[in-house]
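Participant: Submitted below is the structure of interest, expressed as C-alpha coordinates.
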Amino acid sequence: MHVEYRAYRKSIDEVLEVLPDPMEDLALREPELAFAREALLEADLIEAERHVSLVEPVVGSARSLVQPPATMDNAVSVLRFMRHMRAARIAPLVRFGDHLVAEGVRRQQEEGADAARHGHRPR
(Lines give C-alpha, C1' and ligand atoms only; values in the text may rest on other atoms or scores of the structure.)
Protein backbone atom coordinates (compact mmCIF):
# COMPACT_ATOMS: atom_id res chain seq x y z
CA MET A 1 0.00 0.00 0.00
CA HIS A 2 1.32 3.45 -0.85
CA VAL A 3 2.43 5.73 1.98
CA GLU A 4 -0.10 8.42 1.03
CA TYR A 5 -2.92 5.90 0.81
CA ARG A 6 -2.02 4.42 4.20
CA ALA A 7 -2.16 7.91 5.72
CA TYR A 8 -5.54 8.50 4.03
CA ARG A 9 -6.95 5.19 5.36
CA LYS A 10 -5.65 6.03 8.83
CA SER A 11 -7.42 9.39 8.66
CA ILE A 12 -10.70 7.74 7.67
CA ASP A 13 -10.30 5.28 10.56
CA GLU A 14 -9.70 8.18 12.95
CA VAL A 15 -12.88 9.92 11.77
CA LEU A 16 -14.83 6.72 12.45
CA GLU A 17 -13.25 6.34 15.89
CA VAL A 18 -14.14 9.92 16.84
CA LEU A 19 -17.62 9.78 15.25
CA PRO A 20 -18.90 6.20 15.65
CA ASP A 21 -22.54 7.20 16.12
CA PRO A 22 -25.23 5.91 13.75
CA MET A 23 -26.45 8.48 11.25
CA GLU A 24 -29.76 9.10 13.04
CA ASP A 25 -28.12 9.82 16.40
CA LEU A 26 -25.44 12.11 15.03
CA ALA A 27 -27.93 13.94 12.79
CA LEU A 28 -30.11 14.77 15.78
CA ARG A 29 -27.16 16.29 17.66
CA GLU A 30 -25.02 17.72 14.87
CA PRO A 31 -26.79 17.57 11.49
CA GLU A 32 -24.09 19.39 9.50
CA LEU A 33 -21.40 17.13 10.91
CA ALA A 34 -23.50 14.03 10.20
CA PHE A 35 -24.02 15.00 6.56
CA ALA A 36 -20.36 15.97 6.11
CA ARG A 37 -19.27 12.58 7.49
CA GLU A 38 -21.78 10.86 5.22
CA ALA A 39 -20.43 12.71 2.16
CA LEU A 40 -16.87 11.71 3.08
CA LEU A 41 -17.76 8.05 3.60
CA GLU A 42 -19.80 7.86 0.41
CA ALA A 43 -16.94 9.45 -1.55
CA ASP A 44 -14.57 6.90 -0.02
CA LEU A 45 -16.85 4.05 -1.11
CA ILE A 46 -17.19 5.49 -4.61
CA GLU A 47 -13.39 5.66 -4.80
CA ALA A 48 -13.20 1.95 -3.94
CA GLU A 49 -15.78 1.13 -6.63
CA ARG A 50 -13.92 3.27 -9.17
CA HIS A 51 -10.69 1.48 -8.34
CA VAL A 52 -12.30 -1.91 -9.05
CA SER A 53 -13.75 -0.62 -12.33
CA LEU A 54 -10.40 0.74 -13.49
CA VAL A 55 -8.31 -2.27 -12.45
CA GLU A 56 -10.54 -5.05 -13.77
CA PRO A 57 -10.06 -4.40 -17.52
CA VAL A 58 -6.32 -3.99 -17.04
CA VAL A 59 -5.43 -7.02 -14.90
CA GLY A 60 -8.33 -9.38 -15.55
CA SER A 61 -7.98 -12.46 -13.35
CA ALA A 62 -4.28 -11.95 -12.56
CA ARG A 63 -2.93 -11.60 -9.04
CA SER A 64 -1.58 -8.30 -7.82
CA LEU A 65 2.19 -7.89 -7.66
CA VAL A 66 1.93 -7.56 -3.86
CA GLN A 67 -0.09 -10.75 -3.38
CA PRO A 68 1.71 -13.90 -2.27
CA PRO A 69 2.03 -16.59 -4.98
CA ALA A 70 0.03 -19.13 -2.96
CA THR A 71 -3.11 -16.97 -2.81
CA MET A 72 -6.23 -18.17 -4.58
CA ASP A 73 -7.65 -14.66 -4.99
CA ASN A 74 -6.97 -12.35 -7.89
CA ALA A 75 -6.40 -8.60 -7.62
CA VAL A 76 -9.96 -7.67 -8.58
CA SER A 77 -11.59 -10.05 -6.09
CA VAL A 78 -9.42 -8.59 -3.32
CA LEU A 79 -10.42 -5.06 -4.31
CA ARG A 80 -14.10 -6.05 -4.37
CA PHE A 81 -13.75 -7.62 -0.94
CA MET A 82 -12.16 -4.40 0.36
CA ARG A 83 -15.06 -2.41 -1.11
CA HIS A 84 -17.59 -4.71 0.56
CA MET A 85 -15.81 -4.41 3.91
CA ARG A 86 -15.98 -0.61 3.64
CA ALA A 87 -19.65 -0.73 2.68
CA ALA A 88 -20.41 -2.98 5.65
CA ARG A 89 -18.50 -0.75 8.04
CA ILE A 90 -20.25 2.46 7.00
CA ALA A 91 -23.78 1.07 6.50
CA PRO A 92 -25.11 2.33 9.86
CA LEU A 93 -23.27 5.64 9.44
CA VAL A 94 -25.00 6.78 6.23
CA ARG A 95 -28.64 7.17 5.28
CA PHE A 96 -28.60 4.77 2.35
CA GLY A 97 -26.08 2.17 3.49
CA ASP A 98 -25.61 -1.14 1.72
CA HIS A 99 -27.25 -3.22 4.44
CA LEU A 100 -27.43 -6.33 2.26
CA VAL A 101 -23.63 -6.37 1.88
CA ALA A 102 -23.25 -5.51 5.57
CA GLU A 103 -25.35 -8.54 6.55
CA GLY A 104 -23.37 -10.79 4.20
CA VAL A 105 -20.07 -9.61 5.66
CA ARG A 106 -21.39 -10.09 9.21
CA ARG A 107 -22.45 -13.67 8.40
CA GLN A 108 -19.14 -14.43 6.72
CA GLN A 109 -17.27 -13.17 9.78
CA GLU A 110 -19.46 -15.30 12.08
CA GLU A 111 -18.84 -18.39 9.94
CA GLY A 112 -15.11 -17.71 10.03
CA ALA A 113 -15.16 -17.30 13.82
CA ASP A 114 -17.20 -20.51 14.22
CA ALA A 115 -14.85 -22.42 11.94
CA ALA A 116 -11.79 -21.12 13.82
CA ARG A 117 -13.31 -22.21 17.16
CA HIS A 118 -13.78 -25.71 15.77
CA GLY A 119 -10.38 -25.89 14.11
CA HIS A 120 -11.72 -25.62 10.52
CA ARG A 121 -10.96 -23.22 7.72
CA PRO A 122 -13.84 -20.89 6.78
CA ARG A 123 -15.56 -21.46 3.44
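The chains in the C-alpha coordinates are called A, B, ... from first to last as shown; in each chain the residues are counted from 1, and the ligands are counted from 1 in the order shown.
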Can you list, as an mmCIF file with N, CA, C and O atoms, in the first residue's frame, all residues belonging to stretch 1-97 of chain A that DSSP tags as helix (DSSP H, G or I)?

Facilitator:
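To be explicit, this is the file written out as part_28.cif:
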data_model
loop_
_atom_site.group_PDB
_atom_site.id
_atom_site.type_symbol
_atom_site.label_atom_id
_atom_site.label_comp_id
_atom_site.auth_asym_id
_atom_site.auth_seq_id
_atom_site.Cartn_x
_atom_site.Cartn_y
_atom_site.Cartn_z
ATOM 1 N N VAL A 3 2.329 4.961 0.741
ATOM 2 C CA VAL A 3 2.426 5.726 1.979
ATOM 3 C C VAL A 3 1.269 6.724 2.095
ATOM 4 O O VAL A 3 0.627 6.830 3.144
ATOM 5 N N GLU A 4 0.978 7.433 1.010
ATOM 6 C CA GLU A 4 -0.102 8.418 1.034
ATOM 7 C C GLU A 4 -1.459 7.754 1.280
ATOM 8 O O GLU A 4 -2.294 8.261 2.019
ATOM 9 N N TYR A 5 -1.648 6.602 0.654
ATOM 10 C CA TYR A 5 -2.921 5.897 0.810
ATOM 11 C C TYR A 5 -3.071 5.374 2.233
ATOM 12 O O TYR A 5 -4.155 5.424 2.809
ATOM 13 N N ARG A 6 -1.977 4.871 2.803
ATOM 14 C CA ARG A 6 -2.016 4.425 4.201
ATOM 15 C C ARG A 6 -2.418 5.567 5.122
ATOM 16 O O ARG A 6 -3.217 5.382 6.038
ATOM 17 N N ALA A 7 -1.839 6.735 4.894
ATOM 18 C CA ALA A 7 -2.165 7.906 5.715
ATOM 19 C C ALA A 7 -3.642 8.285 5.539
ATOM 20 O O ALA A 7 -4.326 8.625 6.515
ATOM 21 N N TYR A 8 -4.131 8.207 4.305
ATOM 22 C CA TYR A 8 -5.543 8.500 4.031
ATOM 23 C C TYR A 8 -6.446 7.512 4.769
ATOM 24 O O TYR A 8 -7.410 7.896 5.423
ATOM 25 N N ARG A 9 -6.147 6.207 4.684
ATOM 26 C CA ARG A 9 -6.955 5.194 5.362
ATOM 27 C C ARG A 9 -6.929 5.410 6.870
ATOM 28 O O ARG A 9 -7.945 5.256 7.550
ATOM 29 N N LYS A 10 -5.770 5.770 7.392
ATOM 30 C CA LYS A 10 -5.647 6.032 8.828
ATOM 31 C C LYS A 10 -6.537 7.211 9.214
ATOM 32 O O LYS A 10 -7.193 7.177 10.260
ATOM 33 N N SER A 11 -6.571 8.232 8.384
ATOM 34 C CA SER A 11 -7.419 9.394 8.662
ATOM 35 C C SER A 11 -8.902 9.025 8.661
ATOM 36 O O SER A 11 -9.654 9.477 9.526
ATOM 37 N N ILE A 12 -9.298 8.202 7.710
ATOM 38 C CA ILE A 12 -10.699 7.739 7.673
ATOM 39 C C ILE A 12 -11.011 6.948 8.940
ATOM 40 O O ILE A 12 -12.061 7.141 9.568
ATOM 41 N N ASP A 13 -10.103 6.057 9.335
ATOM 42 C CA ASP A 13 -10.301 5.275 10.562
ATOM 43 C C ASP A 13 -10.428 6.186 11.779
ATOM 44 O O ASP A 13 -11.253 5.932 12.669
ATOM 45 N N GLU A 14 -9.637 7.242 11.828
ATOM 46 C CA GLU A 14 -9.699 8.180 12.953
ATOM 47 C C GLU A 14 -11.042 8.907 12.988
ATOM 48 O O GLU A 14 -11.612 9.106 14.062
ATOM 49 N N VAL A 15 -11.557 9.276 11.823
ATOM 50 C CA VAL A 15 -12.876 9.916 11.768
ATOM 51 C C VAL A 15 -13.926 8.966 12.346
ATOM 52 O O VAL A 15 -14.776 9.373 13.150
ATOM 53 N N LEU A 16 -13.846 7.695 11.976
ATOM 54 C CA LEU A 16 -14.827 6.718 12.455
ATOM 55 C C LEU A 16 -14.668 6.413 13.941
ATOM 56 O O LEU A 16 -15.634 6.090 14.617
ATOM 57 N N GLU A 17 -13.457 6.529 14.458
ATOM 58 C CA GLU A 17 -13.246 6.345 15.894
ATOM 59 C C GLU A 17 -13.827 7.515 16.688
ATOM 60 O O GLU A 17 -14.415 7.323 17.749
ATOM 61 N N VAL A 18 -13.661 8.724 16.151
ATOM 62 C CA VAL A 18 -14.142 9.920 16.837
ATOM 63 C C VAL A 18 -15.657 10.072 16.685
ATOM 64 O O VAL A 18 -16.333 10.559 17.591
ATOM 65 N N MET A 23 -26.039 7.256 11.940
ATOM 66 C CA MET A 23 -26.449 8.482 11.250
ATOM 67 C C MET A 23 -27.574 9.204 11.989
ATOM 68 O O MET A 23 -27.513 10.418 12.198
ATOM 69 N N GLU A 24 -28.599 8.471 12.402
ATOM 70 C CA GLU A 24 -29.760 9.098 13.037
ATOM 71 C C GLU A 24 -29.371 9.823 14.321
ATOM 72 O O GLU A 24 -29.826 10.936 14.580
ATOM 73 N N ASP A 25 -28.525 9.207 15.137
ATOM 74 C CA ASP A 25 -28.118 9.815 16.403
ATOM 75 C C ASP A 25 -27.282 11.070 16.177
ATOM 76 O O ASP A 25 -27.499 12.098 16.815
ATOM 77 N N LEU A 26 -26.305 10.965 15.290
ATOM 78 C CA LEU A 26 -25.441 12.107 15.028
ATOM 79 C C LEU A 26 -26.219 13.246 14.368
ATOM 80 O O LEU A 26 -26.010 14.420 14.696
ATOM 81 N N ALA A 27 -27.137 12.914 13.478
ATOM 82 C CA ALA A 27 -27.926 13.945 12.787
ATOM 83 C C ALA A 27 -28.824 14.726 13.752
ATOM 84 O O ALA A 27 -29.056 15.917 13.559
ATOM 85 N N LEU A 28 -29.293 14.058 14.796
ATOM 86 C CA LEU A 28 -30.109 14.768 15.782
ATOM 87 C C LEU A 28 -29.279 15.781 16.569
ATOM 88 O O LEU A 28 -29.759 16.869 16.882
ATOM 89 N N ARG A 29 -28.040 15.411 16.884
ATOM 90 C CA ARG A 29 -27.161 16.286 17.664
ATOM 91 C C ARG A 29 -26.453 17.330 16.814
ATOM 92 O O ARG A 29 -26.407 18.498 17.162
ATOM 93 N N PRO A 31 -26.403 17.935 12.853
ATOM 94 C CA PRO A 31 -26.791 17.569 11.487
ATOM 95 C C PRO A 31 -25.729 17.885 10.428
ATOM 96 O O PRO A 31 -25.471 17.067 9.554
ATOM 97 N N GLU A 32 -25.101 19.048 10.510
ATOM 98 C CA GLU A 32 -24.095 19.388 9.496
ATOM 99 C C GLU A 32 -22.913 18.431 9.545
ATOM 100 O O GLU A 32 -22.393 18.018 8.507
ATOM 101 N N LEU A 33 -22.504 18.078 10.742
ATOM 102 C CA LEU A 33 -21.405 17.132 10.908
ATOM 103 C C LEU A 33 -21.802 15.750 10.381
ATOM 104 O O LEU A 33 -21.014 15.080 9.705
ATOM 105 N N ALA A 34 -23.018 15.342 10.658
ATOM 106 C CA ALA A 34 -23.498 14.034 10.195
ATOM 107 C C ALA A 34 -23.492 13.963 8.669
ATOM 108 O O ALA A 34 -23.037 12.973 8.081
ATOM 109 N N PHE A 35 -23.966 15.015 8.017
ATOM 110 C CA PHE A 35 -24.023 14.999 6.556
ATOM 111 C C PHE A 35 -22.636 15.151 5.934
ATOM 112 O O PHE A 35 -22.372 14.602 4.862
ATOM 113 N N ALA A 36 -21.750 15.865 6.604
ATOM 114 C CA ALA A 36 -20.363 15.968 6.114
ATOM 115 C C ALA A 36 -19.666 14.614 6.221
ATOM 116 O O ALA A 36 -18.965 14.191 5.297
ATOM 117 N N ARG A 37 -19.863 13.918 7.342
ATOM 118 C CA ARG A 37 -19.270 12.583 7.492
ATOM 119 C C ARG A 37 -19.840 11.634 6.439
ATOM 120 O O ARG A 37 -19.108 10.870 5.820
ATOM 121 N N GLU A 38 -21.141 11.715 6.221
ATOM 122 C CA GLU A 38 -21.776 10.865 5.222
ATOM 123 C C GLU A 38 -21.186 11.114 3.835
ATOM 124 O O GLU A 38 -20.875 10.164 3.107
ATOM 125 N N ALA A 39 -21.003 12.369 3.471
ATOM 126 C CA ALA A 39 -20.432 12.708 2.162
ATOM 127 C C ALA A 39 -19.019 12.145 2.028
ATOM 128 O O ALA A 39 -18.652 11.600 0.983
ATOM 129 N N LEU A 40 -18.226 12.256 3.086
ATOM 130 C CA LEU A 40 -16.870 11.713 3.076
ATOM 131 C C LEU A 40 -16.888 10.195 2.898
ATOM 132 O O LEU A 40 -16.160 9.647 2.069
ATOM 133 N N LEU A 41 -17.720 9.518 3.667
ATOM 134 C CA LEU A 41 -17.762 8.053 3.600
ATOM 135 C C LEU A 41 -18.302 7.559 2.263
ATOM 136 O O LEU A 41 -17.817 6.556 1.725
ATOM 137 N N GLU A 42 -19.285 8.250 1.717
ATOM 138 C CA GLU A 42 -19.799 7.858 0.405
ATOM 139 C C GLU A 42 -18.758 8.095 -0.686
ATOM 140 O O GLU A 42 -18.610 7.280 -1.594
ATOM 141 N N ALA A 43 -18.012 9.195 -0.589
ATOM 142 C CA ALA A 43 -16.940 9.455 -1.554
ATOM 143 C C ALA A 43 -15.857 8.384 -1.449
ATOM 144 O O ALA A 43 -15.316 7.933 -2.464
ATOM 145 N N ASP A 44 -15.567 7.957 -0.241
ATOM 146 C CA ASP A 44 -14.570 6.902 -0.024
ATOM 147 C C ASP A 44 -15.033 5.587 -0.662
ATOM 148 O O ASP A 44 -14.258 4.882 -1.309
ATOM 149 N N LEU A 45 -16.306 5.274 -0.515
ATOM 150 C CA LEU A 45 -16.846 4.051 -1.107
ATOM 151 C C LEU A 45 -16.862 4.142 -2.637
ATOM 152 O O LEU A 45 -16.515 3.174 -3.325
ATOM 153 N N ILE A 46 -17.208 5.285 -3.153
ATOM 154 C CA ILE A 46 -17.188 5.489 -4.610
ATOM 155 C C ILE A 46 -15.765 5.324 -5.138
ATOM 156 O O ILE A 46 -15.539 4.737 -6.198
ATOM 157 N N GLU A 47 -14.789 5.812 -4.392
ATOM 158 C CA GLU A 47 -13.387 5.658 -4.795
ATOM 159 C C GLU A 47 -13.016 4.178 -4.870
ATOM 160 O O GLU A 47 -12.345 3.744 -5.809
ATOM 161 N N ALA A 48 -13.479 3.384 -3.920
ATOM 162 C CA ALA A 48 -13.204 1.946 -3.941
ATOM 163 C C ALA A 48 -13.854 1.297 -5.165
ATOM 164 O O ALA A 48 -13.247 0.449 -5.828
ATOM 165 N N GLU A 49 -15.074 1.681 -5.464
ATOM 166 C CA GLU A 49 -15.776 1.127 -6.628
ATOM 167 C C GLU A 49 -15.081 1.536 -7.933
ATOM 168 O O GLU A 49 -14.939 0.734 -8.847
ATOM 169 N N ARG A 50 -14.639 2.779 -7.987
ATOM 170 C CA ARG A 50 -13.924 3.272 -9.166
ATOM 171 C C ARG A 50 -12.623 2.499 -9.356
ATOM 172 O O ARG A 50 -12.273 2.112 -10.473
ATOM 173 N N HIS A 51 -11.947 2.230 -8.271
ATOM 174 C CA HIS A 51 -10.686 1.480 -8.336
ATOM 175 C C HIS A 51 -10.923 0.094 -8.943
ATOM 176 O O HIS A 51 -10.167 -0.350 -9.811
ATOM 177 N N VAL A 52 -11.966 -0.590 -8.496
ATOM 178 C CA VAL A 52 -12.303 -1.906 -9.050
ATOM 179 C C VAL A 52 -12.583 -1.785 -10.540
ATOM 180 O O VAL A 52 -12.069 -2.567 -11.353
ATOM 181 N N SER A 53 -13.377 -0.795 -10.914
ATOM 182 C CA SER A 53 -13.751 -0.617 -12.329
ATOM 183 C C SER A 53 -12.556 -0.325 -13.222
ATOM 184 O O SER A 53 -12.516 -0.750 -14.377
ATOM 185 N N LEU A 54 -11.582 0.406 -12.693
ATOM 186 C CA LEU A 54 -10.402 0.736 -13.490
ATOM 187 C C LEU A 54 -9.404 -0.416 -13.571
ATOM 188 O O LEU A 54 -8.745 -0.606 -14.593
ATOM 189 N N VAL A 55 -9.298 -1.188 -12.509
ATOM 190 C CA VAL A 55 -8.307 -2.270 -12.451
ATOM 191 C C VAL A 55 -8.769 -3.496 -13.225
ATOM 192 O O VAL A 55 -7.967 -4.148 -13.904
ATOM 193 N N GLU A 56 -10.042 -3.805 -13.170
ATOM 194 C CA GLU A 56 -10.543 -5.047 -13.773
ATOM 195 C C GLU A 56 -10.184 -5.206 -15.251
ATOM 196 O O GLU A 56 -9.651 -6.248 -15.656
ATOM 197 N N PRO A 57 -10.411 -4.212 -16.106
ATOM 198 C CA PRO A 57 -10.064 -4.403 -17.521
ATOM 199 C C PRO A 57 -8.559 -4.522 -17.767
ATOM 200 O O PRO A 57 -8.125 -5.105 -18.746
ATOM 201 N N VAL A 58 -7.769 -3.985 -16.857
ATOM 202 C CA VAL A 58 -6.321 -3.988 -17.040
ATOM 203 C C VAL A 58 -5.692 -5.311 -16.604
ATOM 204 O O VAL A 58 -4.866 -5.885 -17.309
ATOM 205 N N VAL A 59 -6.089 -5.819 -15.432
ATOM 206 C CA VAL A 59 -5.429 -7.015 -14.897
ATOM 207 C C VAL A 59 -6.236 -8.296 -15.080
ATOM 208 O O VAL A 59 -5.694 -9.389 -14.925
ATOM 209 N N ALA A 75 -6.443 -9.998 -8.057
ATOM 210 C CA ALA A 75 -6.404 -8.604 -7.617
ATOM 211 C C ALA A 75 -7.801 -7.991 -7.551
ATOM 212 O O ALA A 75 -8.139 -7.283 -6.600
ATOM 213 N N VAL A 76 -8.626 -8.270 -8.535
ATOM 214 C CA VAL A 76 -9.960 -7.667 -8.579
ATOM 215 C C VAL A 76 -10.841 -8.206 -7.457
ATOM 216 O O VAL A 76 -11.562 -7.442 -6.805
ATOM 217 N N SER A 77 -10.763 -9.500 -7.172
ATOM 218 C CA SER A 77 -11.588 -10.046 -6.089
ATOM 219 C C SER A 77 -11.163 -9.466 -4.746
ATOM 220 O O SER A 77 -12.010 -9.214 -3.881
ATOM 221 N N VAL A 78 -9.886 -9.214 -4.559
ATOM 222 C CA VAL A 78 -9.416 -8.591 -3.315
ATOM 223 C C VAL A 78 -9.943 -7.161 -3.222
ATOM 224 O O VAL A 78 -10.411 -6.735 -2.166
ATOM 225 N N LEU A 79 -9.895 -6.426 -4.316
ATOM 226 C CA LEU A 79 -10.420 -5.057 -4.309
ATOM 227 C C LEU A 79 -11.925 -5.040 -4.046
ATOM 228 O O LEU A 79 -12.422 -4.181 -3.306
ATOM 229 N N ARG A 80 -12.644 -5.976 -4.626
ATOM 230 C CA ARG A 80 -14.098 -6.054 -4.371
ATOM 231 C C ARG A 80 -14.369 -6.360 -2.906
ATOM 232 O O ARG A 80 -15.273 -5.794 -2.296
ATOM 233 N N PHE A 81 -13.587 -7.279 -2.351
ATOM 234 C CA PHE A 81 -13.748 -7.616 -0.940
ATOM 235 C C PHE A 81 -13.494 -6.377 -0.070
ATOM 236 O O PHE A 81 -14.242 -6.109 0.874
ATOM 237 N N MET A 82 -12.459 -5.620 -0.400
ATOM 238 C CA MET A 82 -12.159 -4.402 0.355
ATOM 239 C C MET A 82 -13.327 -3.412 0.255
ATOM 240 O O MET A 82 -13.712 -2.779 1.246
ATOM 241 N N ARG A 83 -13.910 -3.297 -0.922
ATOM 242 C CA ARG A 83 -15.062 -2.409 -1.111
ATOM 243 C C ARG A 83 -16.225 -2.869 -0.246
ATOM 244 O O ARG A 83 -16.890 -2.080 0.414
ATOM 245 N N HIS A 84 -16.484 -4.179 -0.237
ATOM 246 C CA HIS A 84 -17.589 -4.711 0.556
ATOM 247 C C HIS A 84 -17.359 -4.501 2.052
ATOM 248 O O HIS A 84 -18.303 -4.199 2.794
ATOM 249 N N MET A 85 -16.122 -4.642 2.496
ATOM 250 C CA MET A 85 -15.812 -4.411 3.911
ATOM 251 C C MET A 85 -16.070 -2.941 4.271
ATOM 252 O O MET A 85 -16.613 -2.648 5.337
ATOM 253 N N ARG A 86 -15.708 -2.030 3.398
ATOM 254 C CA ARG A 86 -15.981 -0.608 3.641
ATOM 255 C C ARG A 86 -17.483 -0.359 3.692
ATOM 256 O O ARG A 86 -17.980 0.350 4.555
ATOM 257 N N ALA A 87 -18.198 -0.922 2.731
ATOM 258 C CA ALA A 87 -19.654 -0.727 2.685
ATOM 259 C C ALA A 87 -20.314 -1.250 3.954
ATOM 260 O O ALA A 87 -21.223 -0.615 4.498
ATOM 261 N N ALA A 88 -19.844 -2.401 4.427
ATOM 262 C CA ALA A 88 -20.406 -2.977 5.648
ATOM 263 C C ALA A 88 -20.107 -2.082 6.847
ATOM 264 O O ALA A 88 -20.968 -1.865 7.709
ATOM 265 N N ARG A 89 -18.909 -1.568 6.895
ATOM 266 C CA ARG A 89 -18.500 -0.748 8.042
ATOM 267 C C ARG A 89 -19.296 0.557 8.114
ATOM 268 O O ARG A 89 -19.642 1.015 9.203
ATOM 269 N N ILE A 90 -19.585 1.155 6.974
ATOM 270 C CA ILE A 90 -20.248 2.463 6.997
ATOM 271 C C ILE A 90 -21.767 2.377 6.913
ATOM 272 O O ILE A 90 -22.438 3.395 7.083
ATOM 273 N N ALA A 91 -22.324 1.193 6.690
ATOM 274 C CA ALA A 91 -23.782 1.067 6.497
ATOM 275 C C ALA A 91 -24.605 1.783 7.569
ATOM 276 O O ALA A 91 -25.540 2.516 7.233
ATOM 277 N N PRO A 92 -24.290 1.627 8.859
ATOM 278 C CA PRO A 92 -25.108 2.332 9.859
ATOM 279 C C PRO A 92 -24.782 3.825 9.975
ATOM 280 O O PRO A 92 -25.483 4.553 10.657
ATOM 281 N N LEU A 93 -23.733 4.259 9.296
ATOM 282 C CA LEU A 93 -23.273 5.638 9.442
ATOM 283 C C LEU A 93 -23.759 6.559 8.331
ATOM 284 O O LEU A 93 -23.486 7.756 8.353
#

Participant: Interatomic distance between atom CA of A:Phe96 and atom CA of A:Glu110?

Facilitator: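 Spanning atom CA of A:Phe96 to atom CA of A:Glu110 is a straight-line distance of 24.1 Å.
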